[in-house]
Structures are given as structure tokens and as C-alpha cells.
Amino acid sequence: MSEKLSEETRKTVLAPLFATGWEMVDGRDAIIKTFKFNDFADAFGWMTRAAIWAEKWNHHPEWENVYSKVVVTLTTHDCDGLSALDAKLARKMDGLFGTVNEKQASTTTGTQNTVSKVCPECGHVFKGNGWDGIDAHWKSKHEDVMPYAEAWPLLKDGTYKS
């Protein structure tokens with residue numbers, strides 16, 4: 001059985017998720033996010049990849065799909081609230097979204113187009129010009145998972161799998 005996040009832990013664990021668009025659900029100890037894709041095939045493909053991870057971790061989202069939009073709610077029913085599994089699955093979904101639909105993460109600032117990237121390992125958001133700072137981030141956080149020299153080509157082409 002999963003353990004509900006303590007008040008202290010949730011501040012640390014949820015803050016990076018809120019920075020990527022997750023929000024608390026009114027009246028429930030749950031988080032929600034809407035993912036928007038180019039079309040139904042992209043949305044359904046992303047759901048399929050997310051479902052594989054959900055099944056692997058035995059933690060299944062509440063979600064709905066209408067054409068190019070997927071609304072995801074995460075909570076842990078075993079503990080009647082948010083657990084570390086919810087944060088883990090949210091980070092994975094953000095990472096999968098970043099590789100599927102980078103165009104949707106684009107924002108236009110004046111005449112400059114900037115693209116945010118999401119680290120598929122931890123959900124860290126790289127704002128600005130794509131992967132700026134990924135090398136230092138990876139070496140300090142994930143070098144034990146895979147050396148940066150091996151991870152970079154996979155991150156760059158969107159095929160990295162944690």
C-alpha cells in the first residue's frame with residue numbers, strides 16, 4: 001500500500017509539477033492536467049506510452065480523451081490521496097509529452113520563438129532555447145542512471161526511455 005504524501009514532502013514533490021501545468025483538484029487530494037496534441041493519433045499514441053508505464057508501476061490514471069485533448073487526474077486510491085506514485089507518473093507523462101509534442105510547449109515572445117523541454121527522468125523544465133543547461137542538469141542529477149555522453153543523443157532525438 002502506498003503512503004500519502006506528508007504536508008512537508010508534498011511541497012517539495014509537487015512544486016516542480018505545478019511549474020509544468022499540473023494543478024490541485026478542488027475538493028480532492030489529487031492533481032490534474034490537460035495535455036493538448038496536434039491530433040487524435042498523437043493523443044492516443046501518448047496515452048498508449050503512458051499506459052505502459054502506468055501498468056509497469058501498477059498505478060493507473062483517471063483520464064479522458066476527446067480528439068486531441070487528454071485530461072489526466074492522478075491520485076492514489078489505496079491511501080485516499082496523493083502519493084509518490086502520483087508524482088512519479090506525472091513526471092513520466094510530462095516527459096512523454098515533451099518528446100511527442102514539443103511544438104505544443106512552444107511559446108511566442110515577441111518575435112522570438114522559445115521551446116521548453118522536460119527532462120524525461122525527473123520532469124525538470126528547461127525554459128528558453130530547448131535543452132539549454134541539460135548537460136549540467138544531467139551530470140548532477142542522473143549520471144548514475146546513464147552517462148550524459150550516452151543519454152544526450154537519445155534526449156536530443158526524443159528516444160530516451162527511463
# chains A, B, ... in the order shown; residues from 1 in each chain; ligands from 1

$ residues_around --residues "Arg28 (chain A)" --least-positions-apart "3" --cutoff "9 Å" --atoms "only C-alpha atoms" --output "list in words"
Met24, Val25, Ile31, Thr75, Asp80 and Gly81 of chain A

$ residues_around --residues "Val70 (chain A)" --least-positions-apart "4" --cutoff "6 Å" --atoms "only C-alpha atoms" --output "ChimeraX atom specification"
/A:34-35,64-65

$ write_last_selection --atoms "N, CA, C and O atoms" --output "PDB file, in the first residue's frame"
ATOM      1  N   THR A  34      -4.283  19.066 -18.311  1.00  0.00           N
ATOM      2  CA  THR A  34      -4.797  18.842 -19.661  1.00  0.00           C
ATOM      3  C   THR A  34      -3.625  18.886 -20.630  1.00  0.00           C
ATOM      4  O   THR A  34      -2.854  19.848 -20.642  1.00  0.00           O
ATOM      5  N   PHE A  35      -3.490  17.833 -21.404  1.00  0.00           N
ATOM      6  CA  PHE A  35      -2.460  17.739 -22.431  1.00  0.00           C
ATOM      7  C   PHE A  35      -3.136  17.956 -23.782  1.00  0.00           C
ATOM      8  O   PHE A  35      -4.155  17.317 -24.064  1.00  0.00           O
ATOM      9  N   GLU A  64      -9.424  11.078 -19.563  1.00  0.00           N
ATOM     10  CA  GLU A  64     -10.413  11.102 -20.641  1.00  0.00           C
ATOM     11  C   GLU A  64      -9.764  11.736 -21.861  1.00  0.00           C
ATOM     12  O   GLU A  64      -8.888  12.591 -21.746  1.00  0.00           O
ATOM     13  N   ASN A  65     -10.195  11.269 -23.007  1.00  0.00           N
ATOM     14  CA  ASN A  65      -9.637  11.732 -24.273  1.00  0.00           C
ATOM     15  C   ASN A  65     -10.770  12.164 -25.192  1.00  0.00           C
ATOM     16  O   ASN A  65     -11.694  11.412 -25.431  1.00  0.00           O
TER      17      ASN A  65
END

$ closest_residue --among "A:Leu96, A:Val71, A:Ala136, A:Leu89" --to "Pro120 (chain A)" --atoms "only C-alpha atoms"
A:Leu96

$ atom_distance --atom1 "CA of Val66 (chain A)" --atom2 "CA of Glu121 (chain A)"
27.8 Å

$ residues_around --residues "Cys122 (chain A)" --least-positions-apart "6" --cutoff "9 Å" --atoms "only C-alpha atoms" --output "mmCIF file with N, CA, C and O atoms, in the first residue's frame"
data_model
loop_
_atom_site.group_PDB
_atom_site.id
_atom_site.type_symbol
_atom_site.label_atom_id
_atom_site.label_comp_id
_atom_site.auth_asym_id
_atom_site.auth_seq_id
_atom_site.Cartn_x
_atom_site.Cartn_y
_atom_site.Cartn_z
ATOM 1 N N LYS A 88 5.552 10.525 -9.548
ATOM 2 C CA LYS A 88 6.381 9.763 -10.485
ATOM 3 C C LYS A 88 5.686 9.624 -11.841
ATOM 4 O O LYS A 88 6.289 9.856 -12.895
ATOM 5 N N ARG A 91 5.521 13.052 -13.656
ATOM 6 C CA ARG A 91 6.805 13.395 -14.288
ATOM 7 C C ARG A 91 7.006 12.587 -15.564
ATOM 8 O O ARG A 91 7.476 13.108 -16.577
ATOM 9 N N LYS A 92 6.651 11.316 -15.526
ATOM 10 C CA LYS A 92 6.798 10.471 -16.712
ATOM 11 C C LYS A 92 5.892 10.984 -17.828
ATOM 12 O O LYS A 92 6.299 11.074 -18.981
ATOM 13 N N GLY A 95 7.356 14.031 -19.361
ATOM 14 C CA GLY A 95 8.480 13.655 -20.209
ATOM 15 C C GLY A 95 8.026 13.073 -21.528
ATOM 16 O O GLY A 95 8.555 13.411 -22.589
ATOM 17 N N LYS A 141 22.326 15.254 -11.691
ATOM 18 C CA LYS A 141 21.144 14.527 -11.199
ATOM 19 C C LYS A 141 21.046 13.083 -11.663
ATOM 20 O O LYS A 141 20.503 12.243 -10.964
ATOM 21 N N HIS A 142 21.506 12.779 -12.874
ATOM 22 C CA HIS A 142 21.192 11.483 -13.469
ATOM 23 C C HIS A 142 22.393 10.704 -14.010
ATOM 24 O O HIS A 142 22.207 9.705 -14.693
#

$ closest_residue --among "A:Asp42, A:Ala19, A:Ala30, A:Ala151" --to "Lys139 (chain A)" --atoms "only C-alpha atoms"
A:Ala151

$ closest_residue --among "A:Phe97, A:Leu82, A:Glu55, A:Leu74" --to "Phe37 (chain A)" --atoms "only C-alpha atoms"
A:Phe97

$ residues_around --residues "Ser6 (chain A)" --least-positions-apart "5" --cutoff "12 Å" --atoms "only C-alpha atoms" --output "ChimeraX atom specification"
/A:11-14,29,79,81-84

$ atom_distance --atom1 "CA of Phe18 (chain A)" --atom2 "CA of Leu85 (chain A)"
15.9 Å

$ atom_distance --atom1 "CA of Gly98 (chain A)" --atom2 "CA of Asp26 (chain A)"
26.6 Å
